[in-house]
$ cat final38.cif   # mmCIF, C-alpha atoms and all ligand atoms
data_start
loop_
_atom_site.group_PDB
_atom_site.id
_atom_site.type_symbol
_atom_site.label_atom_id
_atom_site.label_comp_id
_atom_site.auth_asym_id
_atom_site.auth_seq_id
_atom_site.Cartn_x
_atom_site.Cartn_y
_atom_site.Cartn_z
ATOM 1 C CA MET E 282 123.856 87.246 92.462
ATOM 2 C CA GLN E 283 125.790 89.075 95.140
ATOM 3 C CA LEU E 284 124.334 90.372 98.378
ATOM 4 C CA TYR E 285 126.109 93.200 100.181
ATOM 5 C CA THR E 286 125.289 92.487 103.783
ATOM 6 C CA PHE E 287 126.294 93.092 107.390
ATOM 7 C CA PHE E 288 125.449 90.372 109.906
ATOM 8 C CA ARG E 289 123.696 92.633 112.431
ATOM 9 C CA SER E 290 121.876 94.775 109.872
ATOM 10 C CA SER E 291 118.172 94.011 110.105
ATOM 11 C CA THR E 292 117.535 95.182 106.550
ATOM 12 C CA SER E 293 120.281 92.834 105.280
ATOM 13 C CA PHE E 294 118.695 90.086 107.373
ATOM 14 C CA ARG E 295 115.384 90.732 105.548
ATOM 15 C CA LEU E 296 117.117 89.986 102.242
ATOM 16 C CA ARG E 297 118.911 86.936 103.603
ATOM 17 C CA ILE E 298 115.575 85.508 104.777
ATOM 18 C CA ALA E 299 113.816 86.258 101.466
ATOM 19 C CA LEU E 300 116.614 84.743 99.365
ATOM 20 C CA ALA E 301 116.825 81.628 101.567
ATOM 21 C CA TYR E 302 113.033 81.209 101.620
ATOM 22 C CA LYS E 303 112.980 81.268 97.828
ATOM 23 C CA GLY E 304 116.011 78.999 97.568
ATOM 24 C CA LEU E 305 118.013 81.598 95.640
ATOM 25 C CA ALA E 306 121.787 81.257 95.828
ATOM 26 C CA TYR E 307 123.983 84.316 96.239
ATOM 27 C CA GLU E 308 127.553 85.235 97.039
ATOM 28 C CA PRO E 309 127.736 87.321 100.210
ATOM 29 C CA ARG E 310 129.865 90.449 100.129
ATOM 30 C CA PHE E 311 130.468 91.634 103.651
ATOM 31 C CA VAL E 312 130.245 95.342 104.407
ATOM 32 C CA SER E 313 131.289 96.287 107.933
ATOM 33 C CA LEU E 314 129.240 99.162 109.332
ATOM 34 C CA PRO E 315 131.581 99.738 112.327
ATOM 35 C CA LYS E 316 134.504 100.017 109.888
ATOM 36 C CA MET E 317 132.408 102.441 107.770
ATOM 37 C CA GLU E 318 132.811 100.244 104.697
ATOM 38 C CA HIS E 319 129.305 101.310 103.619
ATOM 39 C CA GLN E 320 130.716 104.809 103.040
ATOM 40 C CA ALA E 321 133.827 103.639 101.166
ATOM 41 C CA PRO E 322 134.088 104.964 97.583
ATOM 42 C CA ASP E 323 133.985 101.478 96.003
ATOM 43 C CA TYR E 324 130.731 100.699 97.813
ATOM 44 C CA LEU E 325 129.187 104.114 97.086
ATOM 45 C CA VAL E 326 129.624 103.382 93.382
ATOM 46 C CA LYS E 327 127.227 100.466 93.866
ATOM 47 C CA ASN E 328 124.861 102.089 96.319
ATOM 48 C CA PRO E 329 125.206 105.891 96.392
ATOM 49 C CA GLN E 330 122.920 105.930 99.453
ATOM 50 C CA GLY E 331 125.713 104.257 101.417
ATOM 51 C CA LEU E 332 123.432 101.738 103.114
ATOM 52 C CA VAL E 333 123.199 97.958 103.217
ATOM 53 C CA PRO E 334 121.807 95.789 101.780
ATOM 54 C CA ALA E 335 122.449 95.945 98.047
ATOM 55 C CA LEU E 336 121.866 93.124 95.619
ATOM 56 C CA VAL E 337 123.730 92.797 92.324
ATOM 57 C CA ASP E 338 122.274 90.442 89.740
ATOM 58 C CA ASP E 339 124.171 88.420 87.154
ATOM 59 C CA ALA E 340 123.789 91.236 84.633
ATOM 60 C CA GLY E 341 125.466 93.631 87.098
ATOM 61 C CA ARG E 342 122.246 95.534 87.880
ATOM 62 C CA VAL E 343 122.175 96.920 91.418
ATOM 63 C CA PHE E 344 119.055 96.794 93.584
ATOM 64 C CA THR E 345 118.643 98.725 96.835
ATOM 65 C CA GLN E 346 115.915 99.381 99.440
ATOM 66 C CA SER E 347 115.057 96.085 101.115
ATOM 67 C CA MET E 348 111.258 96.117 100.840
ATOM 68 C CA ALA E 349 111.344 97.123 97.161
ATOM 69 C CA MET E 350 114.010 94.455 96.572
ATOM 70 C CA ILE E 351 111.892 91.736 98.173
ATOM 71 C CA GLU E 352 108.873 92.676 96.073
ATOM 72 C CA TYR E 353 111.125 92.666 92.990
ATOM 73 C CA LEU E 354 112.445 89.194 93.873
ATOM 74 C CA ASP E 355 108.882 88.037 94.361
ATOM 75 C CA ASP E 356 107.932 89.270 90.884
ATOM 76 C CA VAL E 357 110.932 87.617 89.239
ATOM 77 C CA HIS E 358 110.898 84.418 91.324
ATOM 78 C CA PRO E 359 107.247 84.049 92.345
ATOM 79 C CA GLU E 360 107.535 80.676 94.108
ATOM 80 C CA PRO E 361 107.229 80.362 97.010
ATOM 81 C CA PRO E 362 105.445 83.705 97.229
ATOM 82 C CA LEU E 363 106.201 86.379 99.799
ATOM 83 C CA MET E 364 103.356 88.619 98.637
ATOM 84 C CA PRO E 365 99.729 87.525 98.855
ATOM 85 C CA LYS E 366 97.424 87.678 95.822
ATOM 86 C CA GLY E 367 94.451 89.809 96.884
ATOM 87 C CA ALA E 368 94.490 93.621 96.924
ATOM 88 C CA GLU E 369 93.427 93.852 100.570
ATOM 89 C CA GLU E 370 95.957 91.236 101.640
ATOM 90 C CA LYS E 371 98.675 93.133 99.758
ATOM 91 C CA TRP E 372 97.679 96.334 101.539
ATOM 92 C CA TYR E 373 97.779 94.532 104.887
ATOM 93 C CA VAL E 374 101.249 92.976 104.510
ATOM 94 C CA ARG E 375 102.628 96.262 103.150
ATOM 95 C CA ALA E 376 101.102 98.094 106.113
ATOM 96 C CA VAL E 377 102.770 95.720 108.594
ATOM 97 C CA SER E 378 106.055 95.984 106.684
ATOM 98 C CA GLN E 379 105.872 99.772 106.669
ATOM 99 C CA ILE E 380 105.113 100.065 110.393
ATOM 100 C CA ILE E 381 108.454 98.325 110.837
ATOM 101 C CA GLY E 382 110.407 99.612 107.842
ATOM 102 C CA CYS E 383 109.218 103.236 107.804
ATOM 103 C CA GLU E 384 108.346 103.984 111.423
ATOM 104 C CA MET E 385 110.514 101.774 113.620
ATOM 105 C CA HIS E 386 113.735 100.982 111.803
ATOM 106 C CA PRO E 387 114.747 104.520 110.699
ATOM 107 C CA LEU E 388 114.575 105.915 114.236
ATOM 108 C CA ASN E 389 117.063 103.374 115.544
ATOM 109 C CA ASN E 390 119.406 103.209 112.567
ATOM 110 C CA VAL E 391 123.159 103.372 113.199
ATOM 111 C CA ARG E 392 123.602 106.894 111.854
ATOM 112 C CA VAL E 393 120.705 108.202 113.946
ATOM 113 C CA LEU E 394 122.106 106.671 117.144
ATOM 114 C CA LYS E 395 125.548 108.098 116.322
ATOM 115 C CA TYR E 396 124.110 111.567 115.668
ATOM 116 C CA LEU E 397 122.300 111.540 119.010
ATOM 117 C CA LYS E 398 125.602 110.812 120.723
ATOM 118 C CA GLY E 399 126.908 113.985 119.041
ATOM 119 C CA TYR E 400 124.407 115.907 121.184
ATOM 120 C CA GLY E 401 126.194 114.587 124.253
ATOM 121 C CA LEU E 402 123.827 111.703 124.986
ATOM 122 C CA ASP E 403 125.802 108.794 126.396
ATOM 123 C CA ASP E 404 125.416 105.080 125.560
ATOM 124 C CA ALA E 405 123.118 104.537 128.546
ATOM 125 C CA LYS E 406 120.702 107.215 127.328
ATOM 126 C CA VAL E 407 120.802 106.176 123.663
ATOM 127 C CA ASN E 408 120.834 102.378 124.078
ATOM 128 C CA GLY E 409 118.851 102.219 127.311
ATOM 129 C CA ASP E 410 116.234 104.921 126.673
ATOM 130 C CA TRP E 411 115.949 106.189 123.072
ATOM 131 C CA TYR E 412 116.258 102.767 121.454
ATOM 132 C CA PRO E 413 113.773 100.883 123.693
ATOM 133 C CA HIS E 414 111.375 103.834 123.636
ATOM 134 C CA TRP E 415 110.960 103.643 119.857
ATOM 135 C CA VAL E 416 110.851 99.846 119.889
ATOM 136 C CA ALA E 417 108.019 100.049 122.430
ATOM 137 C CA GLU E 418 106.147 102.716 120.421
ATOM 138 C CA GLY E 419 106.483 100.685 117.237
ATOM 139 C CA PHE E 420 105.582 97.294 118.643
ATOM 140 C CA LYS E 421 102.662 98.767 120.608
ATOM 141 C CA SER E 422 101.261 100.122 117.366
ATOM 142 C CA LEU E 423 102.033 96.893 115.474
ATOM 143 C CA GLU E 424 100.448 94.729 118.188
ATOM 144 C CA SER E 425 97.219 96.729 118.113
ATOM 145 C CA PHE E 426 97.206 96.698 114.298
ATOM 146 C CA LEU E 427 97.546 92.897 114.215
ATOM 147 C CA VAL E 428 94.846 92.459 116.869
ATOM 148 C CA THR E 429 92.440 94.913 115.227
ATOM 149 C CA GLU E 430 92.863 93.441 111.751
ATOM 150 C CA LYS E 431 92.265 89.861 112.989
ATOM 151 C CA ARG E 432 94.248 88.446 110.039
ATOM 152 C CA SER E 433 97.198 87.003 111.925
ATOM 153 C CA GLY E 434 97.535 83.320 112.709
ATOM 154 C CA LYS E 435 100.712 81.326 112.643
ATOM 155 C CA TYR E 436 102.237 84.247 110.708
ATOM 156 C CA CYS E 437 101.213 87.886 110.248
ATOM 157 C CA LEU E 438 98.794 86.800 107.501
ATOM 158 C CA GLY E 439 97.219 83.579 108.707
ATOM 159 C CA LEU E 440 99.174 80.567 107.489
ATOM 160 C CA GLN E 441 101.057 82.427 104.748
ATOM 161 C CA PHE E 442 104.634 83.510 105.437
ATOM 162 C CA THR E 443 104.990 86.924 103.786
ATOM 163 C CA ILE E 444 107.113 90.051 103.514
ATOM 164 C CA ALA E 445 105.413 91.197 106.738
ATOM 165 C CA ASP E 446 107.096 88.360 108.665
ATOM 166 C CA VAL E 447 110.357 88.993 106.802
ATOM 167 C CA CYS E 448 110.343 92.537 108.220
ATOM 168 C CA LEU E 449 109.062 91.621 111.690
ATOM 169 C CA ILE E 450 111.591 88.889 112.503
ATOM 170 C CA PRO E 451 114.804 90.969 112.201
ATOM 171 C CA GLN E 452 113.183 93.823 114.125
ATOM 172 C CA VAL E 453 112.502 91.460 117.046
ATOM 173 C CA PHE E 454 116.076 90.095 116.861
ATOM 174 C CA ASN E 455 117.360 93.680 117.184
ATOM 175 C CA ALA E 456 115.003 94.461 120.065
ATOM 176 C CA GLN E 457 116.200 91.349 121.900
ATOM 177 C CA ARG E 458 119.801 92.415 121.406
ATOM 178 C CA TYR E 459 118.994 95.691 123.146
ATOM 179 C CA ASN E 460 117.146 93.819 125.947
ATOM 180 C CA CYS E 461 113.799 95.453 125.166
ATOM 181 C CA ASP E 462 110.798 94.126 127.077
ATOM 182 C CA LEU E 463 108.698 92.262 124.492
ATOM 183 C CA LYS E 464 106.138 90.731 126.866
ATOM 184 C CA PRO E 465 103.506 93.409 126.117
ATOM 185 C CA TYR E 466 103.337 92.231 122.467
ATOM 186 C CA PRO E 467 102.060 88.624 122.551
ATOM 187 C CA THR E 468 100.767 88.599 118.958
ATOM 188 C CA VAL E 469 104.016 90.020 117.597
ATOM 189 C CA MET E 470 105.966 87.434 119.582
ATOM 190 C CA LYS E 471 103.727 84.553 118.540
ATOM 191 C CA VAL E 472 104.309 85.200 114.840
ATOM 192 C CA PHE E 473 107.980 85.880 115.537
ATOM 193 C CA GLU E 474 108.415 82.461 117.197
ATOM 194 C CA ALA E 475 106.758 80.703 114.245
ATOM 195 C CA GLY E 476 108.912 82.535 111.725
ATOM 196 C CA ALA E 477 112.114 82.087 113.715
ATOM 197 C CA ALA E 478 111.609 78.316 113.545
ATOM 198 C CA LEU E 479 111.842 78.289 109.728
ATOM 199 C CA ASP E 480 115.085 77.064 108.156
ATOM 200 C CA ALA E 481 115.227 80.222 106.031
ATOM 201 C CA VAL E 482 115.522 82.212 109.251
ATOM 202 C CA LYS E 483 117.637 79.811 111.290
ATOM 203 C CA LYS E 484 120.351 79.690 108.639
ATOM 204 C CA THR E 485 120.415 83.441 108.004
ATOM 205 C CA GLU E 486 120.155 84.945 111.475
ATOM 206 C CA PRO E 487 123.034 87.170 112.592
ATOM 207 C CA SER E 488 124.877 84.614 114.737
ATOM 208 C CA THR E 489 125.198 82.236 111.732
ATOM 209 C CA GLN E 490 126.864 84.811 109.494
ATOM 210 C CA PRO E 491 130.551 84.502 108.597
ATOM 211 C CA ASP E 492 131.138 88.216 109.261
ATOM 212 C CA LYS E 493 129.759 88.104 112.802
ATOM 213 C CA PHE E 494 132.012 89.186 115.665
HETATM 214 N N1 LIG A 1 115.288 101.751 103.920
HETATM 215 C C1 LIG A 1 116.527 101.046 103.729
HETATM 216 C C2 LIG A 1 117.348 101.186 104.981
HETATM 217 C C3 LIG A 1 118.721 100.580 104.842
HETATM 218 C C4 LIG A 1 119.543 100.878 106.080
HETATM 219 O O1 LIG A 1 119.337 101.902 106.720
HETATM 220 N N2 LIG A 1 120.486 99.967 106.407
HETATM 221 C C5 LIG A 1 121.273 100.171 107.603
HETATM 222 C C6 LIG A 1 121.632 98.844 108.262
HETATM 223 S S1 LIG A 1 120.196 98.016 108.880
HETATM 224 C C7 LIG A 1 122.539 100.894 107.279
HETATM 225 O O2 LIG A 1 123.134 100.655 106.252
HETATM 226 N N3 LIG A 1 122.932 101.813 108.156
HETATM 227 C C8 LIG A 1 124.143 102.539 108.015
HETATM 228 C C9 LIG A 1 124.085 103.843 108.728
HETATM 229 O O3 LIG A 1 123.065 104.162 109.359
HETATM 230 O O4 LIG A 1 125.078 104.548 108.657
HETATM 231 C C10 LIG A 1 116.257 99.586 103.386
HETATM 232 O O5 LIG A 1 115.202 99.078 103.780
HETATM 233 O O6 LIG A 1 117.069 98.959 102.688
#

$ encode --input "final38.cif" --output "structure tokens" --more "lines below"
Ligand SMILES: N[C@@H](CCC(=O)N[C@@H](CS)C(=O)NCC(=O)O)C(=O)O
Amino acid sequence: MQLYTFFRSSTSFRLRIALAYKGLAYEPRFVSLPKMEHQAPDYLVKNPQGLVPALVDDAGRVFTQSMAMIEYLDDVHPEPPLMPKGAEEKWYVRAVSQIIGCEMHPLNNVRVLKYLKGYGLDDAKVNGDWYPHWVAEGFKSLESFLVTEKRSGKYCLGLQFTIADVCLIPQVFNAQRYNCDLKPYPTVMKVFEAGAALDAVKKTEPSTQPDKF
């Protein structure tokens, strides 16, 4: 298997965590976002969306969209599971994942930040206002969801490490990189700390990646 990844990409980090957690070996293929390698013709052949990550299996089949990829991996390699068994539990971990993957991440994606700068907003406005604003909106909503649902424990779903944690951890790493204030989200941070202590996270986090700069 090959994983097309960029060290700072939180969606690539999701895949790195999931693959490491399941003990699945892969060859990394580094795609530099600053160098626009995700828009290069040879990469667009693999992923016409021009985004990382992409996973290519031994038969040459290409998989994209991180949350769909993780659920696919969980179907094909069920142990250890990243999806719970029950219907309600599945809804819950997908809901947490989608707060992050559908509501937080897209607003602060590279191409969105670049486009804002095209409107004349400078780095201070984009990195110091827009970015932390949407992190705060997202984590405020996630914190109240976790508290209201009363299902979190060590991880988002009690003692089971799931796709919800796989999405939450990289989002917190990104927020820390942008110096966002995370004190108002104690439940988010508690499950983050537990997840960040796992080997599957420690050996895949951005600073451990060969393409980091
Ligand atoms: N929904 C996609 C999002 C993928 C995505 O947006 N990846 C980012 C890096 S985290 C990217 O490639 N951004 C390039 C850009 O915005 O130009 C997924 O979950 O895989």

$ residues_near_ligand --input "final38.cif" --ligand "ligand LIG 1 (chain A)" --cutoff "6 Å" --atoms "only C-alpha atoms and all ligand atoms" --output "JSON, numbers by chain"
{"E": [290, 291, 292, 332, 333, 334, 346, 347, 348, 390, 391, 392]}

$ resolve_selection --input "final38.cif" --expression "the PyMOL selection byres (((chain E and resi 414-429) around 8) and not hetatm)" --output "list in words"
Val377, Ile380, Ile381, Glu384, Met385, Leu388, Asn389, Asp410, Trp411, Tyr412, Pro413, Glu430, Lys431, Arg432, Ser433, Cys437, Ala456, Cys461, Pro465, Tyr466, Pro467, Thr468 and Val469 of chain E

$ residues_around --input "final38.cif" --residues "E:Ala299" --least-positions-apart "2" --cutoff "8 Å" --atoms "all atoms listed in the file" --output "short mmCIF file (atom, residue, chain, number, x, y, z; two decimals) with C-alpha atoms, in the coordinates of the input"
data_model
loop_
_atom_site.label_atom_id
_atom_site.label_comp_id
_atom_site.auth_asym_id
_atom_site.auth_seq_id
_atom_site.Cartn_x
_atom_site.Cartn_y
_atom_site.Cartn_z
CA ARG E 295 115.38 90.73 105.55
CA LEU E 296 117.12 89.99 102.24
CA ARG E 297 118.91 86.94 103.60
CA ALA E 301 116.82 81.63 101.57
CA TYR E 302 113.03 81.21 101.62
CA LYS E 303 112.98 81.27 97.83
CA ILE E 351 111.89 91.74 98.17
CA LEU E 363 106.20 86.38 99.80
CA ILE E 444 107.11 90.05 103.51
CA VAL E 447 110.36 88.99 106.80
CA ALA E 481 115.23 80.22 106.03
#

$ closest_residue --input "final38.cif" --among "E:Phe442, E:Tyr400, E:Phe287, E:Tyr324" --to "E:Ser488" --atoms "all atoms listed in the file"
E:Phe287

$ resolve_selection --input "final38.cif" --expression "the PyMOL selection byres (((chain E and resi 441) around 12) and not hetatm)" --output "PyMOL selection string"
chain E and resi 361-366+370+374+432-440+442-447+472+475-476

$ write_last_selection --input "final38.cif" --atoms "C-alpha atoms" --output "mmCIF file, in the coordinates of the input"
data_model
loop_
_atom_site.group_PDB
_atom_site.id
_atom_site.type_symbol
_atom_site.label_atom_id
_atom_site.label_comp_id
_atom_site.auth_asym_id
_atom_site.auth_seq_id
_atom_site.Cartn_x
_atom_site.Cartn_y
_atom_site.Cartn_z
ATOM 1 C CA PRO E 361 107.229 80.362 97.010
ATOM 2 C CA PRO E 362 105.445 83.705 97.229
ATOM 3 C CA LEU E 363 106.201 86.379 99.799
ATOM 4 C CA MET E 364 103.356 88.619 98.637
ATOM 5 C CA PRO E 365 99.729 87.525 98.855
ATOM 6 C CA LYS E 366 97.424 87.678 95.822
ATOM 7 C CA GLU E 370 95.957 91.236 101.640
ATOM 8 C CA VAL E 374 101.249 92.976 104.510
ATOM 9 C CA ARG E 432 94.248 88.446 110.039
ATOM 10 C CA SER E 433 97.198 87.003 111.925
ATOM 11 C CA GLY E 434 97.535 83.320 112.709
ATOM 12 C CA LYS E 435 100.712 81.326 112.643
ATOM 13 C CA TYR E 436 102.237 84.247 110.708
ATOM 14 C CA CYS E 437 101.213 87.886 110.248
ATOM 15 C CA LEU E 438 98.794 86.800 107.501
ATOM 16 C CA GLY E 439 97.219 83.579 108.707
ATOM 17 C CA LEU E 440 99.174 80.567 107.489
ATOM 18 C CA PHE E 442 104.634 83.510 105.437
ATOM 19 C CA THR E 443 104.990 86.924 103.786
ATOM 20 C CA ILE E 444 107.113 90.051 103.514
ATOM 21 C CA ALA E 445 105.413 91.197 106.738
ATOM 22 C CA ASP E 446 107.096 88.360 108.665
ATOM 23 C CA VAL E 447 110.357 88.993 106.802
ATOM 24 C CA VAL E 472 104.309 85.200 114.840
ATOM 25 C CA ALA E 475 106.758 80.703 114.245
ATOM 26 C CA GLY E 476 108.912 82.535 111.725
#

$ atom_distance --input "final38.cif" --atom1 "atom CA of E:Phe294" --atom2 "atom CA of E:Gly409"
23.3 Å

$ closest_residue --input "final38.cif" --among "E:Leu463, E:Ile450, E:Thr345, E:Tyr373" --to "E:Ala478" --atoms "all atoms listed in the file"
E:Ile450

$ closest_atom_pairs --input "final38.cif" --of "stretch 343-389 of chain E" --to "stretch 304-320 of chain E" --cutoff "12 Å" --atoms "all atoms listed in the file" --output "Markdown table"
| residue | atom | partner | partner_atom | distance |
| --- | --- | --- | --- | --- |
| E:Leu354 | CA | E:Leu305 | CA | 9.6 |
| E:Asp355 | CA | E:Leu305 | CA | 11.2 |
| E:Val357 | CA | E:Leu305 | CA | 11.3 |
| E:His358 | CA | E:Leu305 | CA | 8.8 |
| E:Pro359 | CA | E:Gly304 | CA | 11.4 |
| E:Glu360 | CA | E:Gly304 | CA | 9.3 |
| E:Pro361 | CA | E:Gly304 | CA | 8.9 |
| E:Pro362 | CA | E:Gly304 | CA | 11.6 |

$ closest_residue --input "final38.cif" --among "E:Met350, E:Ile298, E:Val326, E:Leu397" --to "E:Leu479" --atoms "only C-alpha atoms"
E:Ile298

$ atom_distance --input "final38.cif" --atom1 "atom CA of E:Lys398" --atom2 "atom CA of E:His386"
17.8 Å

$ axis_aligned_box --input "final38.cif" --around "stretch 481-492 of chain E" --padding-each-side "8 Å" --output "lines of an AutoDock Vina configuration file"
center_x = 123.2
center_y = 84.0
center_z = 110.4
size_x = 31.9
size_y = 24.5
size_z = 24.7

$ build_atoms --input "final38.cif" --residues "stretch 413-442 of chain E" --atoms "N, CA and C atoms" --output "PDB file, in the coordinates of the input"
ATOM      1  N   PRO E 413     114.959 101.629 123.242  1.00  0.00           N
ATOM      2  CA  PRO E 413     113.773 100.883 123.693  1.00  0.00           C
ATOM      3  C   PRO E 413     112.479 101.687 123.630  1.00  0.00           C
ATOM      4  N   HIS E 414     112.593 103.014 123.741  1.00  0.00           N
ATOM      5  CA  HIS E 414     111.375 103.834 123.636  1.00  0.00           C
ATOM      6  C   HIS E 414     110.725 103.648 122.271  1.00  0.00           C
ATOM      7  N   TRP E 415     111.536 103.728 121.207  1.00  0.00           N
ATOM      8  CA  TRP E 415     110.960 103.643 119.857  1.00  0.00           C
ATOM      9  C   TRP E 415     110.585 102.219 119.489  1.00  0.00           C
ATOM     10  N   VAL E 416     111.273 101.243 120.072  1.00  0.00           N
ATOM     11  CA  VAL E 416     110.851  99.846 119.889  1.00  0.00           C
ATOM     12  C   VAL E 416     109.470  99.665 120.525  1.00  0.00           C
ATOM     13  N   ALA E 417     109.301 100.197 121.734  1.00  0.00           N
ATOM     14  CA  ALA E 417     108.019 100.049 122.430  1.00  0.00           C
ATOM     15  C   ALA E 417     106.900 100.761 121.665  1.00  0.00           C
ATOM     16  N   GLU E 418     107.172 101.991 121.197  1.00  0.00           N
ATOM     17  CA  GLU E 418     106.147 102.716 120.421  1.00  0.00           C
ATOM     18  C   GLU E 418     105.744 101.918 119.177  1.00  0.00           C
ATOM     19  N   GLY E 419     106.743 101.404 118.489  1.00  0.00           N
ATOM     20  CA  GLY E 419     106.483 100.685 117.237  1.00  0.00           C
ATOM     21  C   GLY E 419     105.751  99.378 117.468  1.00  0.00           C
ATOM     22  N   PHE E 420     106.225  98.594 118.424  1.00  0.00           N
ATOM     23  CA  PHE E 420     105.582  97.294 118.643  1.00  0.00           C
ATOM     24  C   PHE E 420     104.198  97.454 119.274  1.00  0.00           C
ATOM     25  N   LYS E 421     104.009  98.515 120.059  1.00  0.00           N
ATOM     26  CA  LYS E 421     102.662  98.767 120.608  1.00  0.00           C
ATOM     27  C   LYS E 421     101.692  99.011 119.442  1.00  0.00           C
ATOM     28  N   SER E 422     102.124  99.816 118.511  1.00  0.00           N
ATOM     29  CA  SER E 422     101.261 100.122 117.366  1.00  0.00           C
ATOM     30  C   SER E 422     101.084  98.889 116.472  1.00  0.00           C
ATOM     31  N   LEU E 423     102.147  98.106 116.293  1.00  0.00           N
ATOM     32  CA  LEU E 423     102.033  96.893 115.474  1.00  0.00           C
ATOM     33  C   LEU E 423     101.121  95.860 116.146  1.00  0.00           C
ATOM     34  N   GLU E 424     101.289  95.689 117.459  1.00  0.00           N
ATOM     35  CA  GLU E 424     100.448  94.729 118.188  1.00  0.00           C
ATOM     36  C   GLU E 424      98.968  95.100 118.023  1.00  0.00           C
ATOM     37  N   SER E 425      98.633  96.369 118.202  1.00  0.00           N
ATOM     38  CA  SER E 425      97.219  96.729 118.113  1.00  0.00           C
ATOM     39  C   SER E 425      96.725  96.620 116.670  1.00  0.00           C
ATOM     40  N   PHE E 426      97.601  96.873 115.703  1.00  0.00           N
ATOM     41  CA  PHE E 426      97.206  96.698 114.298  1.00  0.00           C
ATOM     42  C   PHE E 426      96.885  95.221 114.014  1.00  0.00           C
ATOM     43  N   LEU E 427      97.765  94.331 114.460  1.00  0.00           N
ATOM     44  CA  LEU E 427      97.546  92.897 114.215  1.00  0.00           C
ATOM     45  C   LEU E 427      96.258  92.422 114.895  1.00  0.00           C
ATOM     46  N   VAL E 428      96.037  92.889 116.116  1.00  0.00           N
ATOM     47  CA  VAL E 428      94.846  92.459 116.869  1.00  0.00           C
ATOM     48  C   VAL E 428      93.585  93.016 116.202  1.00  0.00           C
ATOM     49  N   THR E 429      93.616  94.281 115.830  1.00  0.00           N
ATOM     50  CA  THR E 429      92.440  94.913 115.227  1.00  0.00           C
ATOM     51  C   THR E 429      92.093  94.283 113.883  1.00  0.00           C
ATOM     52  N   GLU E 430      93.107  93.984 113.092  1.00  0.00           N
ATOM     53  CA  GLU E 430      92.863  93.441 111.751  1.00  0.00           C
ATOM     54  C   GLU E 430      92.379  91.991 111.762  1.00  0.00           C
ATOM     55  N   LYS E 431      92.706  91.268 112.845  1.00  0.00           N
ATOM     56  CA  LYS E 431      92.265  89.861 112.989  1.00  0.00           C
ATOM     57  C   LYS E 431      92.671  88.988 111.786  1.00  0.00           C
ATOM     58  N   ARG E 432      93.818  89.267 111.179  1.00  0.00           N
ATOM     59  CA  ARG E 432      94.248  88.446 110.039  1.00  0.00           C
ATOM     60  C   ARG E 432      95.427  87.562 110.403  1.00  0.00           C
ATOM     61  N   SER E 433      96.000  87.778 111.590  1.00  0.00           N
ATOM     62  CA  SER E 433      97.198  87.003 111.925  1.00  0.00           C
ATOM     63  C   SER E 433      96.792  85.614 112.400  1.00  0.00           C
ATOM     64  N   GLY E 434      97.747  84.695 112.249  1.00  0.00           N
ATOM     65  CA  GLY E 434      97.535  83.320 112.709  1.00  0.00           C
ATOM     66  C   GLY E 434      98.895  82.813 113.103  1.00  0.00           C
ATOM     67  N   LYS E 435      99.343  81.769 112.402  1.00  0.00           N
ATOM     68  CA  LYS E 435     100.712  81.326 112.643  1.00  0.00           C
ATOM     69  C   LYS E 435     101.688  82.469 112.293  1.00  0.00           C
ATOM     70  N   TYR E 436     101.409  83.125 111.165  1.00  0.00           N
ATOM     71  CA  TYR E 436     102.237  84.247 110.708  1.00  0.00           C
ATOM     72  C   TYR E 436     101.386  85.533 110.717  1.00  0.00           C
ATOM     73  N   CYS E 437     101.971  86.617 110.245  1.00  0.00           N
ATOM     74  CA  CYS E 437     101.213  87.886 110.248  1.00  0.00           C
ATOM     75  C   CYS E 437      99.921  87.764 109.444  1.00  0.00           C
ATOM     76  N   LEU E 438      99.982  87.016 108.329  1.00  0.00           N
ATOM     77  CA  LEU E 438      98.794  86.800 107.501  1.00  0.00           C
ATOM     78  C   LEU E 438      98.426  85.318 107.560  1.00  0.00           C
ATOM     79  N   GLY E 439      97.687  84.964 108.586  1.00  0.00           N
ATOM     80  CA  GLY E 439      97.219  83.579 108.707  1.00  0.00           C
ATOM     81  C   GLY E 439      98.347  82.573 108.599  1.00  0.00           C
ATOM     82  N   LEU E 440      98.174  81.636 107.635  1.00  0.00           N
ATOM     83  CA  LEU E 440      99.174  80.567 107.489  1.00  0.00           C
ATOM     84  C   LEU E 440     100.222  80.896 106.443  1.00  0.00           C
ATOM     85  N   GLN E 441     100.110  82.097 105.826  1.00  0.00           N
ATOM     86  CA  GLN E 441     101.057  82.427 104.748  1.00  0.00           C
ATOM     87  C   GLN E 441     102.223  83.273 105.265  1.00  0.00           C
ATOM     88  N   PHE E 442     103.422  82.755 105.092  1.00  0.00           N
ATOM     89  CA  PHE E 442     104.634  83.510 105.437  1.00  0.00           C
ATOM     90  C   PHE E 442     104.820  84.574 104.359  1.00  0.00           C
TER      91      PHE E 442
END
